[in-house]
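Participant: One file: query_32.cif (mmCIF, C-alpha atoms).
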```cif
data_target
#
loop_
_atom_site.group_PDB
_atom_site.id
_atom_site.type_symbol
_atom_site.label_atom_id
_atom_site.label_comp_id
_atom_site.auth_asym_id
_atom_site.auth_seq_id
_atom_site.Cartn_x
_atom_site.Cartn_y
_atom_site.Cartn_z
ATOM 1 C CA MET A 1 1.531 -66.645 -41.232
ATOM 2 C CA GLU A 2 -0.721 -64.240 -39.418
ATOM 3 C CA LYS A 3 1.416 -61.287 -40.316
ATOM 4 C CA ARG A 4 1.236 -61.985 -43.986
ATOM 5 C CA GLY A 5 -2.503 -62.245 -43.802
ATOM 6 C CA ARG A 6 -2.799 -58.876 -42.075
ATOM 7 C CA GLY A 7 -0.493 -57.254 -44.544
ATOM 8 C CA GLY A 8 -2.633 -58.517 -47.386
ATOM 9 C CA LYS A 9 -5.970 -57.199 -46.146
ATOM 10 C CA PRO A 10 -5.475 -53.416 -45.870
ATOM 11 C CA SER A 11 -4.207 -53.041 -49.394
ATOM 12 C CA SER A 12 -7.257 -54.708 -50.850
ATOM 13 C CA SER A 13 -9.695 -52.595 -48.810
ATOM 14 C CA THR A 14 -8.185 -49.288 -49.857
ATOM 15 C CA ALA A 15 -8.176 -50.313 -53.483
ATOM 16 C CA SER A 16 -11.867 -51.221 -53.464
ATOM 17 C CA GLN A 17 -13.255 -48.068 -51.774
ATOM 18 C CA PRO A 18 -12.776 -44.595 -53.160
ATOM 19 C CA PRO A 19 -11.025 -42.466 -50.551
ATOM 20 C CA PRO A 20 -13.598 -40.644 -48.393
ATOM 21 C CA PRO A 21 -13.775 -36.860 -48.817
ATOM 22 C CA ARG A 22 -11.168 -35.175 -46.641
ATOM 23 C CA ARG A 23 -12.668 -33.519 -43.585
ATOM 24 C CA GLU A 24 -10.559 -31.081 -41.683
ATOM 25 C CA ARG A 25 -9.843 -32.674 -38.381
ATOM 26 C CA ARG A 26 -9.517 -30.136 -35.576
ATOM 27 C CA PRO A 27 -6.070 -30.604 -34.133
ATOM 28 C CA SER A 28 -6.057 -31.793 -30.559
ATOM 29 C CA MET A 29 -4.852 -29.609 -27.738
ATOM 30 C CA PHE A 30 -1.990 -31.919 -26.990
ATOM 31 C CA GLU A 31 -0.086 -31.188 -30.149
ATOM 32 C CA ARG A 32 2.271 -28.332 -29.629
ATOM 33 C CA GLU A 33 1.933 -26.571 -32.980
ATOM 34 C CA ALA A 34 -1.805 -26.946 -32.790
ATOM 35 C CA TYR A 35 -1.881 -25.096 -29.483
ATOM 36 C CA THR A 36 -0.189 -22.031 -30.910
ATOM 37 C CA GLN A 37 -2.490 -22.220 -33.922
ATOM 38 C CA ILE A 38 -5.601 -22.297 -31.775
ATOM 39 C CA LEU A 39 -4.272 -19.500 -29.624
ATOM 40 C CA LYS A 40 -3.565 -17.400 -32.691
ATOM 41 C CA GLU A 41 -7.108 -17.964 -33.905
ATOM 42 C CA ARG A 42 -8.614 -16.934 -30.621
ATOM 43 C CA LEU A 43 -6.429 -13.894 -30.326
ATOM 44 C CA ARG A 44 -6.904 -12.698 -33.881
ATOM 45 C CA ASP A 45 -8.705 -9.584 -32.725
ATOM 46 C CA SER A 46 -6.498 -8.746 -29.769
ATOM 47 C CA ILE A 47 -3.256 -6.852 -29.518
ATOM 48 C CA HIS A 48 -1.003 -6.169 -26.614
ATOM 49 C CA ASP A 49 2.042 -4.169 -25.782
ATOM 50 C CA VAL A 50 4.298 -3.538 -22.856
ATOM 51 C CA GLN A 51 3.926 0.005 -21.591
ATOM 52 C CA TYR A 52 6.676 0.623 -19.162
ATOM 53 C CA VAL A 53 9.436 -1.392 -17.671
ATOM 54 C CA GLU A 54 11.729 -0.548 -14.791
ATOM 55 C CA PRO A 55 14.635 -0.719 -13.826
ATOM 56 C CA PRO A 56 16.044 1.181 -16.787
ATOM 57 C CA PHE A 57 18.091 -1.093 -18.964
ATOM 58 C CA ASP A 58 20.723 1.524 -19.560
ATOM 59 C CA ASP A 59 24.009 -0.252 -18.862
ATOM 60 C CA SER A 60 25.737 2.513 -16.959
ATOM 61 C CA ILE A 61 23.080 2.961 -14.285
ATOM 62 C CA ALA A 62 22.499 -0.736 -13.832
ATOM 63 C CA ASP A 63 26.175 -1.565 -13.456
ATOM 64 C CA LEU A 64 26.759 1.184 -10.932
ATOM 65 C CA GLY A 65 24.029 -0.102 -8.690
ATOM 66 C CA LYS A 66 25.129 -3.710 -8.895
ATOM 67 C CA GLU A 67 28.756 -2.929 -8.085
ATOM 68 C CA TRP A 68 27.715 -1.036 -5.027
ATOM 69 C CA LYS A 69 25.313 -3.769 -4.067
ATOM 70 C CA SER A 70 27.920 -6.524 -4.303
ATOM 71 C CA ALA A 71 30.379 -4.410 -2.320
ATOM 72 C CA LEU A 72 27.746 -3.971 0.315
ATOM 73 C CA ALA A 73 27.211 -7.689 0.500
ATOM 74 C CA LYS A 74 30.865 -8.268 1.326
ATOM 75 C CA LEU A 75 30.667 -5.653 4.038
ATOM 76 C CA LYS A 76 28.700 -7.354 6.779
ATOM 77 C CA PHE A 77 26.542 -5.213 8.957
ATOM 78 C CA ALA A 78 26.194 -5.953 12.628
ATOM 79 C CA ASN A 79 22.883 -7.426 13.622
ATOM 80 C CA SER A 80 20.394 -4.881 14.827
ATOM 81 C CA TYR A 81 18.260 -7.644 16.414
ATOM 82 C CA ARG A 82 15.201 -5.737 15.339
ATOM 83 C CA MET A 83 12.424 -8.118 14.398
ATOM 84 C CA GLU A 84 9.733 -5.539 13.745
ATOM 85 C CA PRO A 85 9.427 -1.955 12.540
ATOM 86 C CA LEU A 86 9.804 0.810 15.118
ATOM 87 C CA LYS A 87 6.540 2.377 14.037
ATOM 88 C CA LYS A 88 3.973 0.169 12.395
ATOM 89 C CA PHE A 89 2.099 1.480 9.376
ATOM 90 C CA GLN A 90 -1.180 3.027 10.526
ATOM 91 C CA ALA A 91 -3.637 2.793 7.680
ATOM 92 C CA HIS A 92 -6.315 5.093 9.017
ATOM 93 C CA SER A 93 -4.164 8.193 9.434
ATOM 94 C CA VAL A 94 -2.717 7.761 5.949
ATOM 95 C CA GLU A 95 -6.219 7.293 4.590
ATOM 96 C CA THR A 96 -7.470 10.599 6.020
ATOM 97 C CA LYS A 97 -4.406 12.426 4.744
ATOM 98 C CA ALA A 98 -4.713 10.967 1.230
ATOM 99 C CA GLN A 99 -8.436 11.712 1.120
ATOM 100 C CA GLN A 100 -7.699 15.299 2.107
ATOM 101 C CA ILE A 101 -5.071 15.680 -0.639
ATOM 102 C CA LEU A 102 -7.430 14.273 -3.263
ATOM 103 C CA LYS A 103 -10.273 16.517 -2.174
ATOM 104 C CA GLU A 104 -8.109 19.666 -2.215
ATOM 105 C CA SER A 105 -6.484 19.120 -5.568
ATOM 106 C CA LEU A 106 -9.599 17.948 -7.355
ATOM 107 C CA LYS A 107 -11.948 20.646 -6.115
ATOM 108 C CA ASP A 108 -13.839 22.024 -9.131
ATOM 109 C CA VAL A 109 -11.524 20.364 -11.627
ATOM 110 C CA LYS A 110 -13.324 19.285 -14.748
ATOM 111 C CA TYR A 111 -12.148 16.346 -16.828
ATOM 112 C CA ASP A 112 -9.598 17.437 -19.374
ATOM 113 C CA ASP A 113 -7.226 15.196 -21.308
ATOM 114 C CA LYS A 114 -4.045 17.230 -21.227
ATOM 115 C CA VAL A 115 -4.392 18.519 -17.711
ATOM 116 C CA PHE A 116 -5.078 15.108 -16.261
ATOM 117 C CA SER A 117 -2.073 13.355 -17.694
ATOM 118 C CA HIS A 118 0.324 15.448 -15.653
ATOM 119 C CA LEU A 119 -2.114 16.013 -12.811
ATOM 120 C CA SER A 120 -2.067 12.287 -12.160
ATOM 121 C CA LEU A 121 1.746 12.252 -11.912
ATOM 122 C CA GLU A 122 1.732 15.338 -9.718
ATOM 123 C CA LEU A 123 -0.865 13.838 -7.395
ATOM 124 C CA ALA A 124 1.088 10.608 -7.113
ATOM 125 C CA ASP A 125 4.235 12.504 -6.146
ATOM 126 C CA ARG A 126 2.350 14.659 -3.694
ATOM 127 C CA ILE A 127 0.763 11.705 -1.939
ATOM 128 C CA LEU A 128 4.164 9.976 -1.846
ATOM 129 C CA SER A 129 5.842 12.920 -0.106
ATOM 130 C CA ALA A 130 2.938 13.211 2.332
ATOM 131 C CA VAL A 131 3.207 9.542 3.250
ATOM 132 C CA LYS A 132 6.978 9.851 3.671
ATOM 133 C CA GLU A 133 6.419 12.711 6.118
ATOM 134 C CA PHE A 134 4.612 10.352 8.455
ATOM 135 C CA GLY A 135 8.003 8.920 9.320
ATOM 136 C CA TYR A 136 7.551 5.196 8.911
ATOM 137 C CA HIS A 137 11.139 4.010 8.889
ATOM 138 C CA ARG A 138 12.367 1.189 6.632
ATOM 139 C CA TYR A 139 9.080 1.187 4.721
ATOM 140 C CA LYS A 140 8.872 1.130 0.940
ATOM 141 C CA PHE A 141 5.832 2.806 -0.661
ATOM 142 C CA ILE A 142 3.968 2.380 -3.917
ATOM 143 C CA ILE A 143 1.320 4.939 -4.868
ATOM 144 C CA LYS A 144 -1.074 4.362 -7.740
ATOM 145 C CA VAL A 145 -3.443 7.084 -8.978
ATOM 146 C CA LEU A 146 -6.211 6.321 -11.492
ATOM 147 C CA PHE A 147 -8.597 8.689 -13.240
ATOM 148 C CA ILE A 148 -11.559 7.212 -15.061
ATOM 149 C CA GLN A 149 -13.859 9.345 -17.153
ATOM 150 C CA LYS A 150 -17.531 8.632 -16.611
ATOM 151 C CA THR A 151 -19.060 7.799 -19.968
ATOM 152 C CA GLY A 152 -21.315 4.949 -19.011
ATOM 153 C CA GLN A 153 -18.772 2.175 -19.425
ATOM 154 C CA ALA A 154 -17.978 -0.367 -16.786
ATOM 155 C CA ILE A 155 -14.573 -0.798 -15.182
ATOM 156 C CA ASN A 156 -13.292 -3.489 -12.897
ATOM 157 C CA ILE A 157 -10.093 -3.130 -10.870
ATOM 158 C CA ALA A 158 -8.508 -5.944 -8.881
ATOM 159 C CA SER A 159 -5.264 -6.235 -6.906
ATOM 160 C CA ARG A 160 -3.579 -9.141 -5.206
ATOM 161 C CA TRP A 161 -0.302 -9.316 -3.345
ATOM 162 C CA ILE A 162 2.188 -11.496 -1.599
ATOM 163 C CA TRP A 163 3.731 -9.801 1.391
ATOM 164 C CA ASP A 164 4.238 -9.996 5.104
ATOM 165 C CA VAL A 165 0.775 -9.673 6.597
ATOM 166 C CA ALA A 166 2.064 -8.531 9.961
ATOM 167 C CA TRP A 167 3.673 -5.281 8.841
ATOM 168 C CA ASP A 168 2.550 -4.544 5.271
ATOM 169 C CA SER A 169 -0.689 -2.828 4.468
ATOM 170 C CA TRP A 170 -2.581 -0.774 1.917
ATOM 171 C CA VAL A 171 -5.036 2.106 1.694
ATOM 172 C CA ALA A 172 -7.565 3.056 -1.015
ATOM 173 C CA VAL A 173 -9.259 6.452 -1.322
ATOM 174 C CA LYS A 174 -11.849 7.477 -3.857
ATOM 175 C CA GLN A 175 -13.062 10.863 -5.003
ATOM 176 C CA GLU A 176 -16.068 10.986 -7.276
ATOM 177 C CA THR A 177 -17.359 13.939 -9.308
ATOM 178 C CA GLU A 178 -19.895 14.345 -12.073
ATOM 179 C CA THR A 179 -17.551 13.695 -14.949
ATOM 180 C CA TYR A 180 -14.863 11.406 -13.521
ATOM 181 C CA VAL A 181 -13.784 9.177 -10.681
ATOM 182 C CA ALA A 182 -10.353 9.445 -9.054
ATOM 183 C CA LEU A 183 -8.888 6.489 -7.182
ATOM 184 C CA ALA A 184 -5.648 6.482 -5.198
ATOM 185 C CA LEU A 185 -4.004 3.310 -3.859
ATOM 186 C CA VAL A 186 -1.191 3.384 -1.326
ATOM 187 C CA PHE A 187 0.823 0.235 -0.578
ATOM 188 C CA ALA A 188 3.329 0.161 2.287
ATOM 189 C CA LEU A 189 5.868 -2.667 2.553
ATOM 190 C CA TYR A 190 8.350 -3.173 5.350
ATOM 191 C CA CYS A 191 11.897 -3.766 4.239
ATOM 192 C CA GLU A 192 13.443 -6.239 6.646
ATOM 193 C CA MET B 193 26.863 -21.057 11.434
ATOM 194 C CA GLU B 194 25.943 -21.651 7.818
ATOM 195 C CA GLU B 195 25.102 -18.871 5.460
ATOM 196 C CA TYR B 196 21.849 -18.860 3.606
ATOM 197 C CA HIS B 197 22.247 -19.523 -0.109
ATOM 198 C CA ARG B 198 19.717 -18.126 -2.546
ATOM 199 C CA HIS B 199 17.943 -20.290 -5.073
ATOM 200 C CA CYS B 200 19.107 -18.177 -7.977
ATOM 201 C CA GLU B 201 22.095 -15.900 -8.167
ATOM 202 C CA GLU B 202 20.549 -13.132 -10.254
ATOM 203 C CA VAL B 203 20.371 -9.651 -8.857
ATOM 204 C CA GLY B 204 17.578 -7.371 -9.924
ATOM 205 C CA PHE B 205 14.066 -7.812 -11.154
ATOM 206 C CA SER B 206 13.646 -9.552 -14.496
ATOM 207 C CA ALA B 207 10.957 -7.585 -16.244
ATOM 208 C CA ASP B 208 11.026 -9.828 -19.339
ATOM 209 C CA GLU B 209 10.006 -12.912 -17.444
ATOM 210 C CA ALA B 210 7.334 -10.994 -15.573
ATOM 211 C CA HIS B 211 5.758 -9.605 -18.712
ATOM 212 C CA ASN B 212 5.773 -13.004 -20.413
ATOM 213 C CA ILE B 213 4.041 -14.554 -17.454
ATOM 214 C CA VAL B 214 1.442 -11.818 -17.258
ATOM 215 C CA LYS B 215 0.762 -11.868 -20.990
ATOM 216 C CA GLU B 216 0.190 -15.608 -20.943
ATOM 217 C CA CYS B 217 -2.194 -15.319 -18.029
ATOM 218 C CA ILE B 218 -4.251 -12.603 -19.691
ATOM 219 C CA ASP B 219 -4.351 -14.515 -22.987
ATOM 220 C CA GLY B 220 -5.528 -17.599 -21.221
ATOM 221 C CA VAL B 221 -8.328 -15.860 -19.352
ATOM 222 C CA LEU B 222 -9.523 -13.161 -21.741
ATOM 223 C CA GLY B 223 -8.413 -14.541 -25.107
ATOM 224 C CA GLY B 224 -11.312 -14.722 -27.524
ATOM 225 C CA GLU B 225 -13.849 -13.524 -24.975
ATOM 226 C CA ASP B 226 -16.179 -10.565 -25.205
ATOM 227 C CA TYR B 227 -16.989 -8.226 -22.381
ATOM 228 C CA ASN B 228 -19.534 -9.867 -20.113
ATOM 229 C CA GLN B 229 -20.869 -8.225 -16.987
ATOM 230 C CA ASN B 230 -21.480 -11.553 -15.244
ATOM 231 C CA ASN B 231 -17.996 -12.923 -15.680
ATOM 232 C CA ILE B 232 -15.901 -9.831 -15.342
ATOM 233 C CA ASN B 233 -15.335 -10.178 -11.582
ATOM 234 C CA GLN B 234 -14.228 -13.721 -11.975
ATOM 235 C CA TRP B 235 -11.902 -12.867 -14.863
ATOM 236 C CA THR B 236 -10.090 -10.041 -13.110
ATOM 237 C CA ALA B 237 -9.667 -12.152 -10.007
ATOM 238 C CA SER B 238 -8.320 -15.113 -11.937
ATOM 239 C CA ILE B 239 -5.912 -13.006 -14.004
ATOM 240 C CA VAL B 240 -4.427 -11.512 -10.887
ATOM 241 C CA GLU B 241 -4.281 -14.741 -8.911
ATOM 242 C CA GLN B 242 -2.753 -16.763 -11.742
ATOM 243 C CA SER B 243 -0.103 -14.112 -12.438
ATOM 244 C CA LEU B 244 0.775 -14.048 -8.781
ATOM 245 C CA THR B 245 1.139 -17.821 -8.481
ATOM 246 C CA HIS B 246 3.337 -17.967 -11.572
ATOM 247 C CA LEU B 247 5.496 -15.108 -10.362
ATOM 248 C CA VAL B 248 6.020 -16.823 -7.047
ATOM 249 C CA LYS B 249 7.050 -20.009 -8.844
ATOM 250 C CA LEU B 250 10.081 -18.125 -10.206
ATOM 251 C CA GLY B 251 11.544 -18.726 -6.800
ATOM 252 C CA LYS B 252 13.031 -15.309 -6.218
ATOM 253 C CA ALA B 253 13.010 -13.565 -2.861
ATOM 254 C CA TYR B 254 10.501 -10.887 -3.795
ATOM 255 C CA LYS B 255 7.225 -9.498 -2.533
ATOM 256 C CA TYR B 256 4.774 -8.977 -5.386
ATOM 257 C CA ILE B 257 1.809 -6.661 -5.919
ATOM 258 C CA VAL B 258 -0.287 -7.238 -9.047
ATOM 259 C CA THR B 259 -3.013 -4.778 -10.087
ATOM 260 C CA CYS B 260 -5.399 -5.343 -12.968
ATOM 261 C CA ALA B 261 -7.938 -2.954 -14.494
ATOM 262 C CA VAL B 262 -10.365 -4.230 -17.131
ATOM 263 C CA VAL B 263 -12.517 -1.673 -18.922
ATOM 264 C CA GLN B 264 -15.229 -2.082 -21.471
ATOM 265 C CA ARG B 265 -14.104 -0.625 -24.760
ATOM 266 C CA SER B 266 -15.834 2.602 -25.674
ATOM 267 C CA ALA B 267 -14.972 6.267 -26.004
ATOM 268 C CA TYR B 268 -13.630 7.173 -22.608
ATOM 269 C CA GLY B 269 -10.591 8.720 -20.991
ATOM 270 C CA PHE B 270 -8.375 6.864 -18.585
ATOM 271 C CA HIS B 271 -5.260 8.125 -16.818
ATOM 272 C CA THR B 272 -3.084 6.223 -14.425
ATOM 273 C CA ALA B 273 0.124 7.202 -12.674
ATOM 274 C CA SER B 274 2.261 5.567 -10.054
ATOM 275 C CA SER B 275 4.963 6.883 -7.807
ATOM 276 C CA CYS B 276 7.264 4.587 -5.858
ATOM 277 C CA PHE B 277 9.691 4.938 -3.011
ATOM 278 C CA TRP B 278 12.023 1.934 -3.063
ATOM 279 C CA ASP B 279 15.465 0.621 -3.833
ATOM 280 C CA THR B 280 15.921 1.101 -7.564
ATOM 281 C CA THR B 281 18.680 -1.467 -7.903
ATOM 282 C CA SER B 282 16.670 -4.427 -6.682
ATOM 283 C CA ASP B 283 13.013 -3.468 -7.093
ATOM 284 C CA GLY B 284 11.119 -3.041 -10.307
ATOM 285 C CA THR B 285 7.813 -2.810 -12.075
ATOM 286 C CA CYS B 286 6.294 -3.946 -15.337
ATOM 287 C CA THR B 287 3.080 -2.821 -17.057
ATOM 288 C CA VAL B 288 1.308 -4.812 -19.734
ATOM 289 C CA ARG B 289 -1.513 -3.311 -21.763
ATOM 290 C CA TRP B 290 -3.724 -5.762 -23.624
ATOM 291 C CA GLU B 291 -6.786 -5.142 -25.704
ATOM 292 C CA ASN B 292 -9.242 -6.834 -27.989
ATOM 293 C CA ARG B 293 -12.425 -5.858 -29.737
ATOM 294 C CA THR B 294 -14.531 -5.282 -26.633
ATOM 295 C CA MET B 295 -12.206 -4.611 -23.749
ATOM 296 C CA ASN B 296 -8.996 -3.040 -22.561
ATOM 297 C CA CYS B 297 -6.899 -4.562 -19.847
ATOM 298 C CA ILE B 298 -3.966 -3.040 -17.964
ATOM 299 C CA VAL B 299 -1.914 -5.165 -15.599
ATOM 300 C CA ASN B 300 0.773 -3.730 -13.362
ATOM 301 C CA VAL B 301 3.327 -5.817 -11.495
ATOM 302 C CA PHE B 302 5.430 -4.388 -8.668
ATOM 303 C CA ALA B 303 8.265 -6.485 -7.229
ATOM 304 C CA ILE B 304 9.990 -5.501 -4.008
ATOM 305 C CA ALA B 305 13.077 -7.354 -2.883
ATOM 306 C CA ILE B 306 13.309 -9.086 0.440
ATOM 307 C CA VAL B 307 16.748 -8.645 1.895
ATOM 308 C CA LEU B 308 17.832 -11.927 3.399
#
```
Output the file's structure as structure tokens, nothing else.
Facilitator:
Amino acid sequence: MEKRGRGGKPSSSTASQPPPPRRERRPSMFEREAYTQILKERLRDSIHDVQYVEPPFDDSIADLGKEWKSALAKLKFANSYRMEPLKKFQAHSVETKAQQILKESLKDVKYDDKVFSHLSLELADRILSAVKEFGYHRYKFIIKVLFIQKTGQAINIASRWIWDVAWDSWVAVKQETETYVALALVFALYCE
Amino acid sequence: MEEYHRHCEEVGFSADEAHNIVKECIDGVLGGEDYNQNNINQWTASIVEQSLTHLVKLGKAYKYIVTCAVVQRSAYGFHTASSCFWDTTSDGTCTVRWENRTMNCIVNVFAIAIVL
């Protein structure tokens, strides 16, 4: 009895009123298609691309490495019982050396587009070989070199990491001139 | 003595997953925003921290370093280079460049394998 009554009412109400003007209801965040729509709207003015990806996805090189790796896994090495690196990474000596390299190579160098693109690579390689010469065994290194032209814009650089705090460390050196700023970052990670 | 079994059996760094993660983080933080001097510190920090937490959730035995540079968009020159000394079969890197009307953002992810 109640059901019939309820069924009767809605039909009469819609017939009597003209349908209200359709307002666009903003889709809620919980609907999946709506989320991508909103995201697309917000990102209308932005573009992105992936610059560089390693390891190279060339089949031959990748397969070679993996075969060797799996063979190595079957071959068990005897335990060396070494819990820590022989020579711990000393940040201060690397910092002075890197600062010296930056100062020497950037003495009286003015900002120039073409020169700087390969100067940055050359500097990175040079700092890498200098750090290797220190003789920290079983350490892996990452060197980052940045050149920023001074034209009155603001730049913000941040880094975070997850590593073993006991043995891994980093060094940052800066060289500033009238037209540009050079920044070199050295990360050293112990390979257990 | 039992041997340690890894969570996932893949060998090598998956750059696709890393760049998806990083792109989503940047979109979430900087999407639709204009360059703002007050917030920029907070944005760079949150991009980097969020990317790192998501990368760790992949569950692989890797050490990660994430670097982010956000620059206000104008006429300027910017060069960056990196040189690495590592095991090329297991370690890898991925760079994502993102831009909108008022800023440029470059995020670099380095992943170094932990040998267990």
Participant: Check which residues satisfy the PyMOL selection byres ((chain A and resi 93-99) around 12) in the file shown, then give them as an MDAnalysis selection string.
Facilitator: chainID A and resid 88:92 100:106 123:136 141 143:145 169:176 182:188
Participant: Since I can't run it myself right now, could you work out what the PyMOL selection byres ((chain B and resi 265) around 9) selects here and report it as a list in words?
Facilitator: Gln153 and Ala154 of chain A; Tyr227, Val263, Gln264, Ser266, Ala267, Tyr268, Glu291, Asn292, Arg293, Thr294, Met295 and Asn296 of chain B
Participant: Mind writing the picked residues with C-alpha atoms as a compact mmCIF listing (two decimals), in the coordinates of the input?
Facilitator:
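Below you can see again_12.txt, which holds the result:
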```txt
# COMPACT_ATOMS: atom_id res chain seq x y z
CA GLN A 153 -18.77 2.17 -19.42
CA ALA A 154 -17.98 -0.37 -16.79
CA TYR B 227 -16.99 -8.23 -22.38
CA VAL B 263 -12.52 -1.67 -18.92
CA GLN B 264 -15.23 -2.08 -21.47
CA SER B 266 -15.83 2.60 -25.67
CA ALA B 267 -14.97 6.27 -26.00
CA TYR B 268 -13.63 7.17 -22.61
CA GLU B 291 -6.79 -5.14 -25.70
CA ASN B 292 -9.24 -6.83 -27.99
CA ARG B 293 -12.42 -5.86 -29.74
CA THR B 294 -14.53 -5.28 -26.63
CA MET B 295 -12.21 -4.61 -23.75
CA ASN B 296 -9.00 -3.04 -22.56
```
Participant: Would you please work out which residue, of A:Leu86, A:Val115, A:Ile155, A:Val109, is nearest to chain B when using all atoms listed in the file?
Facilitator: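 Of all the options, A:Ile155 lies closest to chain B.
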Participant: Between CA of Cys217 (chain B) and CA of Gln242 (chain B), measure the distance and give it in Å to one decimal.
Facilitator: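 A separation of 6.5 Å between them.
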Participant: Kindly determine which residues of chain B lie within 6 Å of chain A, considering only C-alpha atoms, and give the answer as an NGL selection string.
Facilitator: :B and (223-224 or 255-264 or 268-278 or 281 or 284-292)
Participant: What residues come out when you apply the PyMOL selection byres ((chain B and resi 250) around 12) to this file, written as an NGL selection string?
Facilitator: :B and (199-200 or 202 or 205-206 or 209-210 or 213 or 243-249 or 251-256)
Participant: Which is closer to Thr236 (chain B) than all the others in B:Val214, B:Val221, B:Ala207, B:Ala303, using only C-alpha atoms?
Facilitator: B:Val221
Participant: So, counting all atoms listed in the file, which residue among B:Ile239, B:Leu222, B:Ile232, B:Val301 is closest to Asp208 (chain B)?
Facilitator: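 The closest residue to Asp208 (chain B) is B:Val301.
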Participant: Can you tell me how far CA of Ile218 (chain B) sits from CA of Asn233 (chain B), in Å to one decimal?
Facilitator: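 Between CA of Ile218 (chain B) and CA of Asn233 (chain B) the gap is 13.9 Å.
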Participant: Rank B:Thr280, B:Glu225, B:Asn230, B:Val240 by their smallest atom-to-atom distance to Asn300 (chain B), using only C-alpha atoms, and report the top residue only.
Facilitator: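 Between B:Thr280, B:Glu225, B:Asn230, B:Val240, the residue approaching Asn300 (chain B) most closely is B:Val240.
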